[in-house]
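Have a look at structure_13.cif; it's mmCIF, C-alpha atoms:
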```cif
data_work
loop_
_atom_site.label_atom_id
_atom_site.label_comp_id
_atom_site.auth_asym_id
_atom_site.auth_seq_id
_atom_site.Cartn_x
_atom_site.Cartn_y
_atom_site.Cartn_z
CA MET A 30 21.51 12.07 39.55
CA ILE A 31 20.05 12.76 43.00
CA LEU A 32 16.37 13.37 43.80
CA ASP A 33 14.84 15.09 46.80
CA PRO A 34 11.62 17.01 47.59
CA GLN A 35 11.18 20.24 49.53
CA SER A 36 7.91 21.41 51.07
CA VAL A 37 7.34 25.17 51.26
CA LYS A 38 4.48 27.20 52.68
CA GLY A 39 2.05 28.74 50.26
CA ALA A 40 1.07 32.39 50.52
CA GLU A 41 -2.49 33.67 50.23
CA THR A 42 -1.98 34.20 46.50
CA VAL A 43 -1.66 30.42 45.97
CA GLY A 44 -4.98 28.95 44.91
CA GLN A 45 -6.62 26.24 46.99
CA ASP A 46 -6.75 23.94 43.96
CA SER A 47 -2.94 23.92 43.63
CA ARG A 48 -1.91 23.55 47.27
CA GLY A 49 -2.02 20.73 49.81
CA PHE A 50 -1.06 19.76 53.34
CA ASP A 51 2.12 17.81 54.03
CA GLY A 52 1.35 15.69 57.09
CA GLY A 53 4.98 14.75 57.69
CA LYS A 54 6.32 18.30 57.87
CA LEU A 55 3.02 19.99 58.82
CA ILE A 56 3.25 22.47 55.96
CA ASN A 57 0.32 23.78 53.94
CA GLY A 58 1.56 24.71 50.50
CA ARG A 59 3.46 23.11 47.65
CA LYS A 60 6.26 20.62 47.21
CA ARG A 61 9.30 21.11 44.97
CA HIS A 62 10.86 18.02 43.43
CA LEU A 63 14.47 18.61 42.40
CA ALA A 64 16.77 16.41 40.34
CA VAL A 65 20.42 17.49 40.27
CA ASP A 66 23.65 16.09 38.89
CA MET A 67 26.78 15.29 40.90
CA ARG A 68 27.78 18.98 40.89
CA GLY A 69 24.43 20.10 42.29
CA MET A 70 23.20 21.67 39.06
CA ALA A 71 19.52 21.24 38.25
CA LEU A 72 18.43 18.64 35.71
CA ALA A 73 14.68 18.86 36.29
CA VAL A 74 12.38 20.94 38.48
CA MET A 75 8.77 20.01 39.18
CA VAL A 76 6.29 21.64 41.60
CA THR A 77 3.17 19.85 42.86
CA LYS A 78 0.79 19.98 45.79
CA ALA A 79 2.34 19.13 49.14
CA SER A 80 -0.22 16.41 49.90
CA PRO A 81 0.74 13.51 47.54
CA HIS A 82 3.37 11.02 48.62
CA ASP A 83 6.81 11.59 47.13
CA SER A 84 6.77 8.41 45.06
CA ILE A 85 3.62 9.44 43.13
CA PRO A 86 4.92 12.58 41.36
CA ALA A 87 8.39 11.01 41.13
CA ARG A 88 7.23 8.82 38.23
CA ASP A 89 6.24 11.88 36.24
CA GLN A 90 9.50 13.59 37.12
CA LEU A 91 11.64 10.61 36.10
CA PHE A 92 9.72 10.26 32.83
CA ARG A 93 10.23 13.97 32.05
CA LEU A 94 13.90 13.64 32.92
CA ARG A 95 14.44 10.56 30.77
CA LEU A 96 13.39 12.24 27.53
CA PRO A 97 16.08 15.01 27.38
CA HIS A 98 18.70 12.96 29.26
CA PRO A 99 18.82 9.40 27.86
CA GLU A 100 22.35 8.95 29.22
CA LEU A 101 21.23 8.81 32.86
CA ALA A 102 21.67 5.38 34.39
CA VAL A 103 21.64 5.71 38.21
CA ALA A 104 19.47 7.79 40.54
CA TRP A 105 19.87 8.24 44.32
CA ALA A 106 17.06 9.35 46.61
CA ASP A 107 15.73 8.94 50.13
CA SER A 108 13.60 6.04 51.28
CA ALA A 109 10.36 7.88 50.37
CA TYR A 110 11.20 7.23 46.72
CA GLY A 111 11.55 3.50 47.32
CA GLY A 112 9.02 0.69 47.06
CA THR A 113 7.45 0.03 43.68
CA LEU A 114 9.21 3.06 42.17
CA VAL A 115 12.51 1.15 42.15
CA ASP A 116 11.13 -1.65 39.95
CA TRP A 117 9.12 0.74 37.79
CA SER A 118 12.09 2.99 36.98
CA HIS A 119 14.26 0.00 36.12
CA SER A 120 11.64 -1.75 33.97
CA PHE A 121 10.17 1.18 32.03
CA LEU A 122 12.99 3.77 32.03
CA GLY A 123 16.14 1.66 32.43
CA ILE A 124 17.28 3.71 35.45
CA THR A 125 18.82 1.98 38.46
CA HIS A 126 17.10 3.60 41.43
CA LYS A 127 18.99 3.45 44.76
CA THR A 128 17.76 4.71 48.12
CA VAL A 129 19.97 6.33 50.76
CA PRO A 130 18.06 5.87 54.03
CA ARG A 131 18.68 7.65 57.30
CA ARG A 132 20.50 5.78 60.02
CA LYS A 133 18.40 4.36 62.84
CA ASP A 134 20.38 6.19 65.51
CA GLN A 135 20.23 9.50 63.62
CA ASP A 136 18.92 12.46 65.62
CA GLY A 137 18.29 15.65 63.69
CA PHE A 138 20.03 16.60 60.46
CA VAL A 139 23.06 14.53 59.47
CA VAL A 140 24.91 14.77 56.17
CA LEU A 141 24.31 11.60 54.14
CA ALA A 142 26.27 10.27 51.20
CA LYS A 143 25.02 11.41 47.75
CA ARG A 144 22.00 13.18 49.23
CA TRP A 145 24.05 16.07 50.56
CA ARG A 146 24.44 17.32 46.99
CA VAL A 147 20.73 17.93 46.47
CA GLU A 148 20.38 19.30 50.01
CA ARG A 149 23.08 21.83 49.14
CA ALA A 150 21.23 22.74 45.94
CA ILE A 151 18.07 23.38 47.98
CA SER A 152 20.01 25.77 50.22
CA TRP A 153 21.27 27.57 47.10
CA ILE A 154 17.78 28.31 45.78
CA MET A 155 16.62 29.39 49.24
CA ARG A 156 19.10 32.27 49.11
CA ALA A 157 16.73 33.89 46.62
CA ARG A 158 14.16 35.58 48.83
CA ARG A 159 11.35 34.89 46.36
CA ASN A 160 11.83 31.14 46.83
CA VAL A 161 11.52 31.14 50.62
CA ARG A 162 7.74 30.94 50.29
CA ASP A 163 5.58 30.12 47.30
CA PHE A 164 3.68 33.22 46.14
CA GLU A 165 2.83 32.11 42.62
CA ARG A 166 -0.73 31.50 41.52
CA LEU A 167 0.25 28.91 38.91
CA VAL A 168 2.53 25.90 39.34
CA SER A 169 4.32 26.73 36.10
CA HIS A 170 5.29 30.13 37.51
CA SER A 171 6.86 28.47 40.55
CA GLU A 172 8.87 26.13 38.33
CA ALA A 173 10.01 29.10 36.24
CA HIS A 174 11.25 31.00 39.32
CA ILE A 175 13.29 28.03 40.53
CA THR A 176 14.71 27.46 37.05
CA TRP A 177 15.60 31.15 36.85
CA THR A 178 17.48 30.84 40.15
CA PHE A 179 19.51 27.90 38.85
CA ILE A 180 20.28 29.73 35.59
CA THR A 181 21.65 32.69 37.57
CA LEU A 182 23.70 30.32 39.70
CA MET A 183 25.15 28.46 36.72
CA VAL A 184 26.06 31.70 34.93
CA ARG A 185 28.01 32.85 37.99
CA ARG A 186 29.81 29.52 38.12
CA LEU A 187 30.81 29.77 34.46
CA THR A 188 32.19 33.30 34.74
CA ARG A 189 34.36 32.90 37.83
CA PRO A 190 37.84 31.31 37.74
CA PRO A 191 37.90 27.55 38.38
CA ARG A 192 38.77 26.20 41.80
CA PRO A 193 41.67 23.79 42.31
CA PRO A 194 40.57 20.14 42.43
CA ARG A 195 39.82 18.55 45.79
CA THR A 196 42.80 16.59 47.13
CA THR A 197 40.90 14.74 49.88
CA PRO A 198 37.57 12.91 49.49
CA HIS A 199 34.40 14.26 51.01
CA PRO A 200 33.95 13.04 54.61
CA VAL A 201 30.60 11.35 53.92
CA GLU A 202 31.51 9.81 50.57
CA PRO A 203 33.00 6.30 50.63
CA VAL A 204 36.73 6.18 49.96
CA LYS A 205 37.56 4.00 46.99
CA ALA A 206 40.55 1.72 47.30
CA ALA A 207 43.43 2.60 45.03
CA GLY A 208 44.15 0.03 42.37
CA LYS A 209 43.63 -0.73 38.74
CA PRO A 210 41.18 1.74 37.16
CA GLN A 211 37.83 0.24 36.29
CA PRO A 212 36.86 0.26 32.62
CA ILE A 213 33.94 2.39 31.55
CA ARG A 214 30.97 0.30 30.50
CA LEU A 215 28.56 1.70 27.96
CA ARG A 216 25.03 0.38 27.86
CA MET A 217 24.16 -0.39 24.28
CA GLN A 218 20.97 -2.02 23.16
CA ALA A 219 21.08 -4.76 20.60
CA PRO A 220 19.49 -3.84 17.26
CA GLN A 221 15.91 -5.00 17.00
CA THR A 222 14.26 -6.21 13.83
CA ILE A 223 11.04 -4.39 13.02
CA ARG A 224 8.61 -6.35 10.87
CA LEU A 225 6.39 -3.96 8.91
CA ALA A 226 4.08 -6.59 7.44
CA PRO A 227 3.27 -10.21 8.32
CA THR A 228 5.18 -12.83 6.41
CA THR A 229 3.36 -14.80 3.73
CA LEU A 230 2.33 -18.26 4.83
CA ARG A 231 3.59 -21.06 2.61
#
```
Could you show the structure in this file as structure tokens?
Amino acid sequence: MILDPQSVKGAETVGQDSRGFDGGKLINGRKRHLAVDMRGMALAVMVTKASPHDSIPARDQLFRLRLPHPELAVAWADSAYGGTLVDWSHSFLGITHKTVPRRKDQDGFVVLAKRWRVERAISWIMRARRNVRDFERLVSHSEAHITWTFITLMVRRLTRPPRPPRTTPHPVEPVKAAGKPQPIRLRMQAPQTIRLAPTTLR
């Protein structure tokens, strides 16, 4: 699972109570928080004001995501999702949160490992002209439009013939050394004893 936000400008139809100013990108509008799988398909979509820091609404997004997807174990995101969110997600949700920071010598946009998948998903939803700018009065309407875009995208993927598998690894993904295949480890919790009533003192 990969997380990443996107700030978009809000039109005049967006109410002042549901919009904010993103000081980093100098955008007055809303922020879309996307969570996608390794194929770039959406797992959760959440829209908030553009003013809060990314780590604040990320807790709500991870909690929403944990309920329908208990099998998720690892999440990748940029450094804005770091800090106390790493310990919180591991302690309360059991999700290993890893950050993929930008390189110090990076100038402009550079494709980064893992994060390029969610960046590609953002470019997919921006092909829908309605998603270029936020026109919706309610936040729930904005989330519905983005979800609708992903549903259309996934239906097209299901109906077209499958592509041949990739023979070479992606240039930004680390190449794994060939050797003995690693066993799959399943995380299973030990059964806990629930005491319904206090024991009788003797």
Exercise. Name the residues that the PyMOL selection byres ((chain A and resi 129) around 10) pulls out of this structure, and write them as a VMD selection string.
Key: chain A and resid 105 to 111 127 to 128 130 to 132 141 to 144
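Residues lying within 10 Å of region 92-102 of chain A, counting only C-alpha atoms and ignoring same-chain neighbours fewer than 4 positions away, are Met30, Ala64, Asp66, Leu72, Ala73, Val74, Met75, Ala87, Arg88, Ser118, His119, Phe121, Leu122, Gly123, Ile124, Thr125, His126, Leu215 and Arg216 of chain A.
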Write the residues you've just listed into a file as an mmCIF file, keeping the file's coordinate frame, and include C-alpha atoms for each of them.
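That gives us out-v4.cif:
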```
data_model
loop_
_atom_site.group_PDB
_atom_site.id
_atom_site.type_symbol
_atom_site.label_atom_id
_atom_site.label_comp_id
_atom_site.auth_asym_id
_atom_site.auth_seq_id
_atom_site.Cartn_x
_atom_site.Cartn_y
_atom_site.Cartn_z
ATOM 1 C CA MET A 30 21.510 12.070 39.550
ATOM 2 C CA ALA A 64 16.770 16.410 40.340
ATOM 3 C CA ASP A 66 23.650 16.090 38.890
ATOM 4 C CA LEU A 72 18.430 18.640 35.710
ATOM 5 C CA ALA A 73 14.680 18.860 36.290
ATOM 6 C CA VAL A 74 12.380 20.940 38.480
ATOM 7 C CA MET A 75 8.770 20.010 39.180
ATOM 8 C CA ALA A 87 8.390 11.010 41.130
ATOM 9 C CA ARG A 88 7.230 8.820 38.230
ATOM 10 C CA SER A 118 12.090 2.990 36.980
ATOM 11 C CA HIS A 119 14.260 0.000 36.120
ATOM 12 C CA PHE A 121 10.170 1.180 32.030
ATOM 13 C CA LEU A 122 12.990 3.770 32.030
ATOM 14 C CA GLY A 123 16.140 1.660 32.430
ATOM 15 C CA ILE A 124 17.280 3.710 35.450
ATOM 16 C CA THR A 125 18.820 1.980 38.460
ATOM 17 C CA HIS A 126 17.100 3.600 41.430
ATOM 18 C CA LEU A 215 28.560 1.700 27.960
ATOM 19 C CA ARG A 216 25.030 0.380 27.860
#
```
Self-check item: CA of Val76 (chain A) to CA of His62 (chain A), distance in Å rounded to a single decimal
Solution: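 Between CA of Val76 (chain A) and CA of His62 (chain A) the gap works out to 6.1 Å.
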Which residues of region 88-163 of chain A come within 12 Å of region 178-188 of chain A, and what is each one's closest atom pair and distance in Å (one decimal), counting all atoms listed in the file, sorted by chain and residue number, as CSV?
```
residue,atom,partner,partner_atom,distance
A:Ala150,CA,A:Phe179,CA,8.9
A:Ile151,CA,A:Phe179,CA,10.3
A:Ser152,CA,A:Thr178,CA,11.6
A:Trp153,CA,A:Leu182,CA,8.3
A:Ile154,CA,A:Thr178,CA,6.2
A:Met155,CA,A:Thr178,CA,9.2
A:Arg156,CA,A:Thr178,CA,9.2
A:Ala157,CA,A:Thr178,CA,7.2
A:Arg158,CA,A:Thr178,CA,10.4
A:Arg159,CA,A:Thr178,CA,9.6
A:Asn160,CA,A:Thr178,CA,8.8
```
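Among the candidates A:Asp116, A:Asp33, A:Asp134, A:Glu165, the residue lying nearest to Ser47 (chain A) is A:Glu165 (atoms considered: only C-alpha atoms).
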Quiz item: Between A:Pro34, A:Gly39, A:Pro86, A:Pro190, which has the minimum distance to Leu63 (chain A) (counting all atoms listed in the file)?
Solution: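 Closest to Leu63 (chain A), using all atoms listed in the file: A:Pro34.
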Quiz prompt | Distance of CA of Asp83 (chain A) from CA of Phe164 (chain A), expressed in Å to one decimal place | solution = 21.9 Å
Quiz item: Of the candidates A:Val37, A:Val65, A:Val43, A:Leu55, which one gets nearest to Thr176 (chain A) if we count only C-alpha atoms?
Solution: A:Val65
Exercise. Just give me the gap between CA of Ala40 (chain A) and CA of Gly58 (chain A) in Å, one decimal is fine.
Key: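 Separation of CA of Ala40 (chain A) and CA of Gly58 (chain A): 7.7 Å.
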Quiz item: Mind telling me what the PyMOL selection byres ((chain A and resi 45) around 12) catches here, as a ChimeraX atom specification?
Solution: /A:39-44,46-50,57-59,78-79,165-168
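In terms of minimum interatomic distance to His82 (chain A), A:Lys60 ranks closest within A:Arg68, A:Lys60, A:Arg149, A:His174, counting only C-alpha atoms.
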Quiz item: So which one's closest to Leu91 (chain A), A:Phe138, A:Arg195, A:Trp117, A:Met70? Using all atoms listed in the file, please.
Solution: A:Trp117
